[in-house]
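For reference, the structure is listed below as structure tokens.
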Amino acid sequence: MRVLVLGATGYVGGRLVPELLTAGHQVRCAVRRPAKLEGRTWRDRVEVLAADVTVRADMDRACDGVDAVVYLLRAVDGRPDLVDRERDGAAVVRDAAAAAGVDRIVYLGALGDAATSTRAAERQAIGRLLADGPVDVTELRAGVIIGSGSAWFEMIRHTTELLPLMVIPSWIGTRTQPIAIRDVLRALVDVLAIDATRGEVLELGGPEVLTFREMMLRYAAAAGLRRRTILAVPVVTPRLSALFVGAVTPLPTPVARQLLEVLRDDVVVRDDRATTLVPFRRHTYDEALALTLGRMRVLDVATTWASAGGPDPVDADDPTAPSPDDPSWAGGVRYEDVRLRRTRIPRAYVFDVVRSIGGSHGWFSPRLLWSARGALDKLGGGIGAGRGRRHPIDLAVGDPVDLWRVEAIEPPSLLRLRAEMRVPGVAWHEYRVLDDGVATVLEQRSLFEPRGLWGRVYWYLLAPMHAVLYPRMVRRIVREAEQAFAGARDVSRREDDA
């Protein structure tokens, strides 16, 4: 079929497009900012239109010539006009699809009790609005979706990892039916070929019904954490609950409020016709966790990461892999220290100094500090800094560099190292050598994704040291590169004179 995807830059949409292509469909993506799709491995296999869902002319153009529309739009920005914007957009899409002769619309809505959950009621109202027209609509309703970067998974993950003793409001006992993201994608693709799903509202869930407490405890077991103690507080306002989740997870408080609002009542499948009309084996919660945690080692742009002894290479089209367009809170808290230094010399000279870092060359900062860090790591059962490096200048992906390992190297522009020392989280040290058209810019980034409360404390304890060391490092790297360039120029002059 020719399928129009609305929401291709979102969490589900970005994973659905390659699945539709694999199924043999032709795909058109209508997005407000097409630049957000640049870099996707499937970008050159789809048609991309710049379009606003609330503008009828844009939607007429987007729907022209397509057989099906997959509607995945969902506003989560917390703006006061959110509901009105969603309804306006759905009405425009409904009418444009009808005018263009679209055969069907597939909509991903929300599982939940509309009588107790305002957000579930709003999502289900969008489904009815889309269906209030001549085009057949299939509405799939999903509740707790488990996948890397999903809001539900991030809430489970961070609340569980941060606190070994948790005092959680009463929603901890809410019954849910979590479903793996890949099962949601499978259902979205399959219904396009199943005529019996036309005009149906189908509820999606995994094979198990679990309380939120059980999901958190199972996550702790799957992640290798010590058993968590969870105490329920009978009376806490939704606002306080959202503030709590916003404080202990990377989720913005408005997003947390929307999730918790759904948990006022059980979020379970009450009509299981989906298992008959769209038959395939759903993943269990533990299987979904295993798939997701297998991708947790690659929290940045996964398509370029590969190293021996580090994260395995990731298939960029894997729907469970982190997406470049996931919201800023997806994948975890990320602390960052960035230092810049400009110079007039060519990039190659700067990069030659960058790739000599570590080993006998040192780290362009007091050697005693790095030696002490290596000694502490060794005392803690880590690898220490004694590995040095394989070659004083050459580097390849997978090479050890003292306490680090090369994760990516792209001369003369990029060197990324991943920490193999014992730290309460995941750490990277990265250099980019850029050309801004006027000068060469050395960008040094230190990135840290903390694990739990101690991870956050660890970063802030080191912040004063970073403030002293990191500016010195970039200054010395550029200075050494400038000296090498000056030396090479002197040699060239002498050769010319001779």
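Residue names in the structure tokens use chain letters A, B, ... in the order shown, residue numbers from 1 in each chain, and ligand numbers from 1 in the order shown.
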
Can you list, as JSON, numbers by chain, every protein, DNA or RNA residue that comes within 10 Å of Arg416 (chain A) when you count only C-alpha atoms, leaving out same-chain residues fewer than 5 positions away? {"A": [305, 355, 397, 404, 405, 406, 407, 408, 409, 410, 428, 429, 430, 431, 432, 444, 445, 446]}

Keeping only N, CA and C atoms, take the residues you just selected and write them out as a PDB file, in the first residue's frame.
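Result file is selection25.pdb:
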```pdb
ATOM      1  N   TRP A 305      27.994   3.346  16.720  1.00  0.00           N
ATOM      2  CA  TRP A 305      28.749   2.842  17.855  1.00  0.00           C
ATOM      3  C   TRP A 305      29.112   1.382  17.647  1.00  0.00           C
ATOM      4  N   ARG A 355      44.395  12.268  18.905  1.00  0.00           N
ATOM      5  CA  ARG A 355      44.453  10.811  18.907  1.00  0.00           C
ATOM      6  C   ARG A 355      45.714  10.266  19.561  1.00  0.00           C
ATOM      7  N   VAL A 397      38.873   1.532  16.496  1.00  0.00           N
ATOM      8  CA  VAL A 397      37.733   1.201  17.340  1.00  0.00           C
ATOM      9  C   VAL A 397      38.038  -0.072  18.133  1.00  0.00           C
ATOM     10  N   TRP A 404      39.985   3.874  29.421  1.00  0.00           N
ATOM     11  CA  TRP A 404      38.941   4.074  28.432  1.00  0.00           C
ATOM     12  C   TRP A 404      39.094   3.076  27.293  1.00  0.00           C
ATOM     13  N   ARG A 405      38.112   3.067  26.396  1.00  0.00           N
ATOM     14  CA  ARG A 405      38.194   2.278  25.183  1.00  0.00           C
ATOM     15  C   ARG A 405      37.618   3.100  24.035  1.00  0.00           C
ATOM     16  N   VAL A 406      38.250   2.984  22.866  1.00  0.00           N
ATOM     17  CA  VAL A 406      37.802   3.748  21.704  1.00  0.00           C
ATOM     18  C   VAL A 406      36.474   3.188  21.213  1.00  0.00           C
ATOM     19  N   GLU A 407      35.487   4.061  21.164  1.00  0.00           N
ATOM     20  CA  GLU A 407      34.177   3.659  20.655  1.00  0.00           C
ATOM     21  C   GLU A 407      33.950   4.126  19.232  1.00  0.00           C
ATOM     22  N   ALA A 408      34.516   5.257  18.876  1.00  0.00           N
ATOM     23  CA  ALA A 408      34.361   5.775  17.517  1.00  0.00           C
ATOM     24  C   ALA A 408      35.551   6.644  17.195  1.00  0.00           C
ATOM     25  N   ILE A 409      36.053   6.490  15.984  1.00  0.00           N
ATOM     26  CA  ILE A 409      37.118   7.362  15.521  1.00  0.00           C
ATOM     27  C   ILE A 409      36.904   7.615  14.033  1.00  0.00           C
ATOM     28  N   GLU A 410      36.809   8.897  13.669  1.00  0.00           N
ATOM     29  CA  GLU A 410      36.567   9.301  12.287  1.00  0.00           C
ATOM     30  C   GLU A 410      37.502  10.465  11.962  1.00  0.00           C
ATOM     31  N   TRP A 428      31.523   9.008  28.921  1.00  0.00           N
ATOM     32  CA  TRP A 428      32.216   9.143  27.653  1.00  0.00           C
ATOM     33  C   TRP A 428      33.082  10.393  27.676  1.00  0.00           C
ATOM     34  N   HIS A 429      34.173  10.364  26.905  1.00  0.00           N
ATOM     35  CA  HIS A 429      35.016  11.540  26.694  1.00  0.00           C
ATOM     36  C   HIS A 429      35.173  11.670  25.186  1.00  0.00           C
ATOM     37  N   GLU A 430      34.784  12.816  24.633  1.00  0.00           N
ATOM     38  CA  GLU A 430      34.674  12.938  23.188  1.00  0.00           C
ATOM     39  C   GLU A 430      35.349  14.220  22.693  1.00  0.00           C
ATOM     40  N   TYR A 431      36.010  14.086  21.540  1.00  0.00           N
ATOM     41  CA  TYR A 431      36.597  15.242  20.871  1.00  0.00           C
ATOM     42  C   TYR A 431      36.034  15.339  19.463  1.00  0.00           C
ATOM     43  N   ARG A 432      35.639  16.550  19.080  1.00  0.00           N
ATOM     44  CA  ARG A 432      35.249  16.840  17.707  1.00  0.00           C
ATOM     45  C   ARG A 432      36.102  18.002  17.219  1.00  0.00           C
ATOM     46  N   GLN A 444      35.611  19.696  23.127  1.00  0.00           N
ATOM     47  CA  GLN A 444      35.829  18.597  24.067  1.00  0.00           C
ATOM     48  C   GLN A 444      34.575  18.410  24.902  1.00  0.00           C
ATOM     49  N   ARG A 445      34.012  17.207  24.882  1.00  0.00           N
ATOM     50  CA  ARG A 445      32.793  16.931  25.648  1.00  0.00           C
ATOM     51  C   ARG A 445      33.042  15.786  26.606  1.00  0.00           C
ATOM     52  N   SER A 446      32.691  16.002  27.846  1.00  0.00           N
ATOM     53  CA  SER A 446      32.662  14.929  28.832  1.00  0.00           C
ATOM     54  C   SER A 446      31.203  14.665  29.164  1.00  0.00           C
TER      55      SER A 446
END
```

For Val66 (chain A): contacts at 8 Å, only C-alpha atoms, fewer than 4 positions along chain excluded, given as a list in words: Met1, Arg2, Val3, Leu4 and Val102 of chain A

Counting only C-alpha atoms, what are the residues of region 139-167 of chain A within 12 Å of region 113-121 of chain A, and for each of them which pair of atoms is the nearest and at what distance in Å, to one decimal? Sort the table by chain and rising number, as a tab-separated table.
```
residue	atom	partner	partner_atom	distance
A:Arg141	CA	A:Ala120	CA	9.6
A:Ala142	CA	A:Ala120	CA	10.3
A:Gly143	CA	A:Ala120	CA	9.3
```

How about saving the chosen residues, N, CA and C atoms kept, as a PDB file, in the first residue's frame?
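Listing of selection-v8.pdb after writing:
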```pdb
ATOM      1  N   ARG A 141      -5.628   0.579  20.942  1.00  0.00           N
ATOM      2  CA  ARG A 141      -5.396   1.248  22.218  1.00  0.00           C
ATOM      3  C   ARG A 141      -4.315   0.495  22.998  1.00  0.00           C
ATOM      4  N   ALA A 142      -3.248   1.212  23.349  1.00  0.00           N
ATOM      5  CA  ALA A 142      -2.155   0.625  24.116  1.00  0.00           C
ATOM      6  C   ALA A 142      -1.978   1.397  25.409  1.00  0.00           C
ATOM      7  N   GLY A 143      -1.555   0.698  26.444  1.00  0.00           N
ATOM      8  CA  GLY A 143      -1.345   1.325  27.743  1.00  0.00           C
ATOM      9  C   GLY A 143       0.131   1.526  28.037  1.00  0.00           C
TER      10      GLY A 143
END
```

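Picture a line from CA of Arg228 (chain A) to CA of Trp171 (chain A); it runs 16.8 Å.
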
Can you work out the spacing between CA of Ile105 (chain A) and CA of Asp195 (chain A) in Å, to one decimal?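 Those two atoms sit 12.1 Å apart.
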
As a VMD selection string, please: the residues near region 342-352 of chain A (cut-off 6 Å, only C-alpha atoms, same-chain neighbours under 2 positions excluded). chain A and resid 354 to 355 412 439 to 441 481

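The gap separating CA of Ala68 (chain A) from CA of Thr276 (chain A) is 22.4 Å, in Å to one decimal.
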
Those of region 28-189 of chain A in DSSP helix (DSSP H, G or I), formatted as a PyMOL selection string: chain A and resi 34-37+43-45+56-63+82-100+118-131+151-162+170-173+181-189

Using only C-alpha atoms, which residue out of A:Val267, A:Leu163, A:Ala100, A:Leu415 lies closest to Gly455 (chain A)?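 Of the candidates, the smallest distance to Gly455 (chain A) is held by A:Leu163.
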
With distances taken over only C-alpha atoms, which of A:Met473, A:Leu403, A:Ala488, A:Ala196 is nearest to Gly388 (chain A)?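 That would be A:Leu403, the residue with the smallest distance to Gly388 (chain A).
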
Can you pull out the residues contacting Thr284 (chain A)? Cut-off 12 Å, using only C-alpha atoms, and skip same-chain residues under 4 positions away; I want them as an MDAnalysis selection string. chainID A and resid 145:146 177:183 205:210 215 218 288:291

Give me a file of those residues, with N, CA and C atoms, as a PDB file, in the first residue's frame.
```pdb
ATOM      1  N   ILE A 145       3.701   0.926  27.486  1.00  0.00           N
ATOM      2  CA  ILE A 145       4.572   0.421  26.427  1.00  0.00           C
ATOM      3  C   ILE A 145       5.994   0.332  26.957  1.00  0.00           C
ATOM      4  N   ILE A 146       6.595  -0.845  26.802  1.00  0.00           N
ATOM      5  CA  ILE A 146       7.951  -1.075  27.298  1.00  0.00           C
ATOM      6  C   ILE A 146       8.920  -1.092  26.122  1.00  0.00           C
ATOM      7  N   GLN A 177      -1.234  -3.889  32.019  1.00  0.00           N
ATOM      8  CA  GLN A 177      -0.963  -4.986  31.087  1.00  0.00           C
ATOM      9  C   GLN A 177       0.093  -4.508  30.095  1.00  0.00           C
ATOM     10  N   PRO A 178       1.365  -4.463  30.544  1.00  0.00           N
ATOM     11  CA  PRO A 178       2.426  -3.873  29.715  1.00  0.00           C
ATOM     12  C   PRO A 178       2.640  -4.643  28.424  1.00  0.00           C
ATOM     13  N   ILE A 179       2.993  -3.900  27.364  1.00  0.00           N
ATOM     14  CA  ILE A 179       3.215  -4.503  26.058  1.00  0.00           C
ATOM     15  C   ILE A 179       4.528  -3.988  25.482  1.00  0.00           C
ATOM     16  N   ALA A 180       5.262  -4.863  24.826  1.00  0.00           N
ATOM     17  CA  ALA A 180       6.539  -4.488  24.213  1.00  0.00           C
ATOM     18  C   ALA A 180       6.303  -3.574  23.016  1.00  0.00           C
ATOM     19  N   ILE A 181       7.186  -2.621  22.801  1.00  0.00           N
ATOM     20  CA  ILE A 181       7.050  -1.710  21.673  1.00  0.00           C
ATOM     21  C   ILE A 181       7.016  -2.477  20.359  1.00  0.00           C
ATOM     22  N   ARG A 182       7.781  -3.550  20.243  1.00  0.00           N
ATOM     23  CA  ARG A 182       7.782  -4.263  18.969  1.00  0.00           C
ATOM     24  C   ARG A 182       6.452  -4.961  18.704  1.00  0.00           C
ATOM     25  N   ASP A 183       5.708  -5.282  19.772  1.00  0.00           N
ATOM     26  CA  ASP A 183       4.373  -5.858  19.565  1.00  0.00           C
ATOM     27  C   ASP A 183       3.378  -4.793  19.107  1.00  0.00           C
ATOM     28  N   GLY A 205      -2.440  -5.438  24.697  1.00  0.00           N
ATOM     29  CA  GLY A 205      -1.751  -5.678  25.957  1.00  0.00           C
ATOM     30  C   GLY A 205      -0.879  -6.907  25.841  1.00  0.00           C
ATOM     31  N   GLY A 206       0.073  -7.017  26.718  1.00  0.00           N
ATOM     32  CA  GLY A 206       0.913  -8.199  26.756  1.00  0.00           C
ATOM     33  C   GLY A 206       0.185  -9.364  27.411  1.00  0.00           C
ATOM     34  N   PRO A 207       0.866 -10.505  27.554  1.00  0.00           N
ATOM     35  CA  PRO A 207       0.204 -11.694  28.091  1.00  0.00           C
ATOM     36  C   PRO A 207       0.041 -11.703  29.604  1.00  0.00           C
ATOM     37  N   GLU A 208       0.574 -10.675  30.323  1.00  0.00           N
ATOM     38  CA  GLU A 208       0.529 -10.682  31.786  1.00  0.00           C
ATOM     39  C   GLU A 208      -0.141  -9.423  32.316  1.00  0.00           C
ATOM     40  N   VAL A 209      -0.848  -9.574  33.419  1.00  0.00           N
ATOM     41  CA  VAL A 209      -1.388  -8.444  34.172  1.00  0.00           C
ATOM     42  C   VAL A 209      -0.540  -8.288  35.429  1.00  0.00           C
ATOM     43  N   LEU A 210       0.090  -7.114  35.586  1.00  0.00           N
ATOM     44  CA  LEU A 210       1.016  -6.879  36.684  1.00  0.00           C
ATOM     45  C   LEU A 210       0.683  -5.551  37.360  1.00  0.00           C
ATOM     46  N   MET A 215       6.077  -4.636  38.436  1.00  0.00           N
ATOM     47  CA  MET A 215       6.928  -4.240  37.317  1.00  0.00           C
ATOM     48  C   MET A 215       8.242  -3.641  37.806  1.00  0.00           C
ATOM     49  N   ARG A 218      10.444  -6.467  39.223  1.00  0.00           N
ATOM     50  CA  ARG A 218      10.992  -7.286  38.142  1.00  0.00           C
ATOM     51  C   ARG A 218      12.078  -6.529  37.377  1.00  0.00           C
ATOM     52  N   ALA A 288      10.264  -8.345  27.253  1.00  0.00           N
ATOM     53  CA  ALA A 288      10.352  -6.951  26.820  1.00  0.00           C
ATOM     54  C   ALA A 288      11.479  -6.222  27.550  1.00  0.00           C
ATOM     55  N   LEU A 289      11.632  -6.500  28.847  1.00  0.00           N
ATOM     56  CA  LEU A 289      12.734  -5.903  29.603  1.00  0.00           C
ATOM     57  C   LEU A 289      14.079  -6.346  29.054  1.00  0.00           C
ATOM     58  N   ALA A 290      14.214  -7.626  28.762  1.00  0.00           N
ATOM     59  CA  ALA A 290      15.477  -8.133  28.242  1.00  0.00           C
ATOM     60  C   ALA A 290      15.837  -7.463  26.917  1.00  0.00           C
ATOM     61  N   LEU A 291      14.844  -7.301  26.039  1.00  0.00           N
ATOM     62  CA  LEU A 291      15.091  -6.637  24.762  1.00  0.00           C
ATOM     63  C   LEU A 291      15.518  -5.188  24.976  1.00  0.00           C
TER      64      LEU A 291
END
```
